[in-house]
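**Student:** One structure follows; several queries about it will come next.
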Amino acid sequence: MTTKAQAPAEAGGKTGSGDAAASGASPVMVLLAGWLFPGAGHLLLGKWIRAGLLMLSIVCMFAIGIALQGKVYTPNTAEPLDMLGFAGDLGSGLLYGLARVLGWGQAPVLIAVADYGTKFIVVAGLLNVVAAVDAHSLANGRKRS
Amino acid sequence: MTISHFSAVLLFSLFTSIVFGITQRDEPKKMLRFGALCFALFVGGTIAASWAMWLIKH
């Protein structure tokens with residue numbers, strides 16, 4: 001399940017010579033954009049279809065989690081599992097900030113589907129991190145296309 | 001909002017497979033194939049695990 005990675009020289013030049021060179025965005029900026037908003041990293045690289053599909057998948061997953069009354073974790077609860085949940089939620093970037101500001105996901109989890117909702121929110125965050133790292137790999141030439 | 005357990009499995013599998021397909025392969029055709037494989041494994045694995053739990057209980 002590993003991505004076929006190439007050495008930068010094989011990929012066509014020096015470090016940072018991936019798609020970022022063509023788009024003018026630095027790999028770090030692509031990584032940050034991808035983390036802050038799902039699909040934004042690929043959008044900066046001009047990969048519209050991938051960006052759209054990633055945004056649709058991650059935002060829908062997060063929204064379904066909220067609609068199912070899933071829990072949005074907060075920091076400093078002193079519970080190890082809650083801290084892991086918080087780390088996963090944080091992967092959603094601005095979506096997590098929006099949920100905290102608007103007070104979403106604060107109700108206690110009482111039914112099974114609400115627990116599914118909690119998992120949807122955490123997995124949306126983790127998938128967003130995977131997508132942001134993928135955009136970073138494209139930007140620095142580690143991933144071919 | 002309320003959805004059935006199976007709908008939750010389908011939605012979870014669909015969105016996760018799309019992200020896995022795009023991020024783990026580097027050509028569109030391979031992305032599609034890997035995404036479809038992930039979806040089938042997620043759904044099939046869940047159904048197999050459900051039957052296994054049913055058999056353990058009975």
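Labeling convention for the structure tokens: chains A, B, ... as they appear, residues from 1 per chain, ligands from 1 in order of appearance.
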Name the residues in contact with B:Thr46 at a cut-off of 9 Å, using only C-alpha atoms, excluding same-chain residues fewer than 5 positions from it; report them as a PyMOL selection string.
**Tutor:** chain B and resi 9+41+51
**Student:** Give me, as an MDAnalysis selection string, the residues of stretch 4-140 of chain A that a backbone DSSP run labels alpha helix (DSSP H).
**Tutor:** chainID A and resid 19:23 27:36 40:44 48:67 80:90 94:102 112:139
**Student:** Using only C-alpha atoms, I'd like every residue of chain A that has an atom within 8 Å of chain B; please write them out as a list in words.
**Tutor:**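 So the residues of chain A near chain B are Met1, Thr2, Thr3, Lys4, Arg50, Leu53, Leu54, Ser57, Ile58, Met61, Ala67, Leu68, Gln69, Val113, Tyr116, Phe120, Leu127, Val130, Ala131, Asp134, Lys143, Arg144 and Ser145 of chain A.
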**Student:** Save out the residues we just selected, N, CA, C and O atoms, as a PDB file, in the first residue's frame.
**Tutor:**
ATOM      1  N   MET A   1       0.816  -1.200   0.000  1.00  0.00           N
ATOM      2  CA  MET A   1       0.000   0.000   0.000  1.00  0.00           C
ATOM      3  C   MET A   1       0.854   1.255   0.000  1.00  0.00           C
ATOM      4  O   MET A   1       0.386   2.317   0.357  1.00  0.00           O
ATOM      5  N   THR A   2       2.103   1.121  -0.327  1.00  0.00           N
ATOM      6  CA  THR A   2       2.951   2.309  -0.293  1.00  0.00           C
ATOM      7  C   THR A   2       2.927   3.009  -1.645  1.00  0.00           C
ATOM      8  O   THR A   2       2.748   2.397  -2.674  1.00  0.00           O
ATOM      9  N   THR A   3       3.082   4.303  -1.562  1.00  0.00           N
ATOM     10  CA  THR A   3       3.140   5.078  -2.785  1.00  0.00           C
ATOM     11  C   THR A   3       4.503   4.885  -3.417  1.00  0.00           C
ATOM     12  O   THR A   3       5.504   4.836  -2.730  1.00  0.00           O
ATOM     13  N   LYS A   4       4.516   4.775  -4.738  1.00  0.00           N
ATOM     14  CA  LYS A   4       5.788   4.627  -5.434  1.00  0.00           C
ATOM     15  C   LYS A   4       6.522   5.952  -5.352  1.00  0.00           C
ATOM     16  O   LYS A   4       6.163   6.908  -6.025  1.00  0.00           O
ATOM     17  N   ARG A  50      -8.907  16.135  -8.221  1.00  0.00           N
ATOM     18  CA  ARG A  50      -8.509  15.502  -6.942  1.00  0.00           C
ATOM     19  C   ARG A  50      -8.910  16.401  -5.771  1.00  0.00           C
ATOM     20  O   ARG A  50      -9.396  15.916  -4.755  1.00  0.00           O
ATOM     21  N   LEU A  53     -12.661  16.127  -5.205  1.00  0.00           N
ATOM     22  CA  LEU A  53     -13.064  14.846  -4.617  1.00  0.00           C
ATOM     23  C   LEU A  53     -12.643  14.750  -3.149  1.00  0.00           C
ATOM     24  O   LEU A  53     -13.403  14.266  -2.301  1.00  0.00           O
ATOM     25  N   LEU A  54     -11.427  15.225  -2.844  1.00  0.00           N
ATOM     26  CA  LEU A  54     -10.948  15.182  -1.452  1.00  0.00           C
ATOM     27  C   LEU A  54     -11.803  16.090  -0.579  1.00  0.00           C
ATOM     28  O   LEU A  54     -12.202  15.720   0.529  1.00  0.00           O
ATOM     29  N   SER A  57     -15.260  14.519  -0.060  1.00  0.00           N
ATOM     30  CA  SER A  57     -15.230  13.354   0.842  1.00  0.00           C
ATOM     31  C   SER A  57     -15.026  13.776   2.290  1.00  0.00           C
ATOM     32  O   SER A  57     -15.763  13.337   3.186  1.00  0.00           O
ATOM     33  N   ILE A  58     -14.033  14.633   2.529  1.00  0.00           N
ATOM     34  CA  ILE A  58     -13.681  14.966   3.916  1.00  0.00           C
ATOM     35  C   ILE A  58     -14.724  15.877   4.554  1.00  0.00           C
ATOM     36  O   ILE A  58     -15.139  15.655   5.698  1.00  0.00           O
ATOM     37  N   MET A  61     -17.842  13.841   5.231  1.00  0.00           N
ATOM     38  CA  MET A  61     -17.640  12.938   6.368  1.00  0.00           C
ATOM     39  C   MET A  61     -17.737  13.717   7.680  1.00  0.00           C
ATOM     40  O   MET A  61     -18.381  13.262   8.637  1.00  0.00           O
ATOM     41  N   ALA A  67     -23.850  15.871  12.006  1.00  0.00           N
ATOM     42  CA  ALA A  67     -25.302  15.645  11.899  1.00  0.00           C
ATOM     43  C   ALA A  67     -25.754  14.439  12.718  1.00  0.00           C
ATOM     44  O   ALA A  67     -26.886  14.393  13.189  1.00  0.00           O
ATOM     45  N   LEU A  68     -24.864  13.462  12.886  1.00  0.00           N
ATOM     46  CA  LEU A  68     -25.201  12.279  13.694  1.00  0.00           C
ATOM     47  C   LEU A  68     -25.018  12.554  15.191  1.00  0.00           C
ATOM     48  O   LEU A  68     -25.127  11.645  16.006  1.00  0.00           O
ATOM     49  N   GLN A  69     -24.727  13.799  15.525  1.00  0.00           N
ATOM     50  CA  GLN A  69     -24.516  14.247  16.909  1.00  0.00           C
ATOM     51  C   GLN A  69     -23.280  13.601  17.532  1.00  0.00           C
ATOM     52  O   GLN A  69     -23.274  13.244  18.712  1.00  0.00           O
ATOM     53  N   VAL A 113     -25.545   5.556  16.836  1.00  0.00           N
ATOM     54  CA  VAL A 113     -25.191   6.335  15.637  1.00  0.00           C
ATOM     55  C   VAL A 113     -24.431   7.605  15.999  1.00  0.00           C
ATOM     56  O   VAL A 113     -23.651   8.117  15.206  1.00  0.00           O
ATOM     57  N   TYR A 116     -20.987   6.555  16.116  1.00  0.00           N
ATOM     58  CA  TYR A 116     -20.487   6.491  14.729  1.00  0.00           C
ATOM     59  C   TYR A 116     -20.103   7.901  14.276  1.00  0.00           C
ATOM     60  O   TYR A 116     -19.107   8.091  13.585  1.00  0.00           O
ATOM     61  N   PHE A 120     -16.723   9.289  12.630  1.00  0.00           N
ATOM     62  CA  PHE A 120     -16.688   9.974  11.333  1.00  0.00           C
ATOM     63  C   PHE A 120     -15.860  11.264  11.454  1.00  0.00           C
ATOM     64  O   PHE A 120     -15.059  11.576  10.575  1.00  0.00           O
ATOM     65  N   LEU A 127      -8.007  11.593   7.642  1.00  0.00           N
ATOM     66  CA  LEU A 127      -7.935  11.549   6.175  1.00  0.00           C
ATOM     67  C   LEU A 127      -7.434  12.885   5.630  1.00  0.00           C
ATOM     68  O   LEU A 127      -6.722  12.927   4.624  1.00  0.00           O
ATOM     69  N   VAL A 130      -3.747  12.849   5.786  1.00  0.00           N
ATOM     70  CA  VAL A 130      -3.215  12.018   4.689  1.00  0.00           C
ATOM     71  C   VAL A 130      -3.233  12.808   3.379  1.00  0.00           C
ATOM     72  O   VAL A 130      -2.257  12.807   2.610  1.00  0.00           O
ATOM     73  N   ALA A 131      -4.344  13.515   3.127  1.00  0.00           N
ATOM     74  CA  ALA A 131      -4.474  14.293   1.881  1.00  0.00           C
ATOM     75  C   ALA A 131      -3.458  15.432   1.842  1.00  0.00           C
ATOM     76  O   ALA A 131      -2.854  15.700   0.793  1.00  0.00           O
ATOM     77  N   ASP A 134      -0.081  14.065   1.104  1.00  0.00           N
ATOM     78  CA  ASP A 134      -0.019  13.694  -0.316  1.00  0.00           C
ATOM     79  C   ASP A 134       0.261  14.923  -1.180  1.00  0.00           C
ATOM     80  O   ASP A 134       1.088  14.870  -2.099  1.00  0.00           O
ATOM     81  N   LYS A 143       6.263  12.366  -4.980  1.00  0.00           N
ATOM     82  CA  LYS A 143       5.258  11.574  -5.705  1.00  0.00           C
ATOM     83  C   LYS A 143       5.192  12.112  -7.129  1.00  0.00           C
ATOM     84  O   LYS A 143       5.141  13.328  -7.305  1.00  0.00           O
ATOM     85  N   ARG A 144       5.170  11.196  -8.087  1.00  0.00           N
ATOM     86  CA  ARG A 144       5.284  11.613  -9.489  1.00  0.00           C
ATOM     87  C   ARG A 144       4.123  12.476  -9.958  1.00  0.00           C
ATOM     88  O   ARG A 144       4.292  13.554 -10.505  1.00  0.00           O
ATOM     89  N   SER A 145       2.888  11.965  -9.802  1.00  0.00           N
ATOM     90  CA  SER A 145       1.739  12.742 -10.285  1.00  0.00           C
ATOM     91  C   SER A 145       0.485  12.394  -9.492  1.00  0.00           C
ATOM     92  O   SER A 145       0.468  11.435  -8.759  1.00  0.00           O
TER      93      SER A 145
END
**Student:** Tell me, in Å to one decimal, how far atom CA of A:Met29 is from atom CA of A:Gly41.
**Tutor:**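 Here the two named atoms are 8.0 Å from each other.
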**Student:** Nearest to A:Ala51: which of A:Gly117, A:Ala135, A:Val122, A:Val129 is it, counting only C-alpha atoms?
**Tutor:**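 Closest to A:Ala51, using only C-alpha atoms: A:Ala135.
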**Student:** So, counting only C-alpha atoms, which residue among A:Val109, A:Gly93, A:Thr118, A:Ile66 is closest to A:Trp35?
**Tutor:**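 Distance minimum relative to A:Trp35 lands on A:Gly93.
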**Student:** Interatomic distance between atom CA of A:Ser137 and atom CA of A:Pro27?
**Tutor:**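 These two atoms are separated by 7.9 Å.
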**Student:** Would you please work out which residue, of A:Ala25, A:Leu43, A:Ala99, A:Leu84, is nearest to A:Ala63 when using only C-alpha atoms?
**Tutor:**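 Selected residue with least distance to A:Ala63: A:Ala99.
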**Student:** Which is closest to A:Leu36 among A:Gly105, A:Gly85, A:Gly141, A:Gly91, if we use only C-alpha atoms?
**Tutor:**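 Counting only C-alpha atoms, the residue closest to A:Leu36 is A:Gly91.
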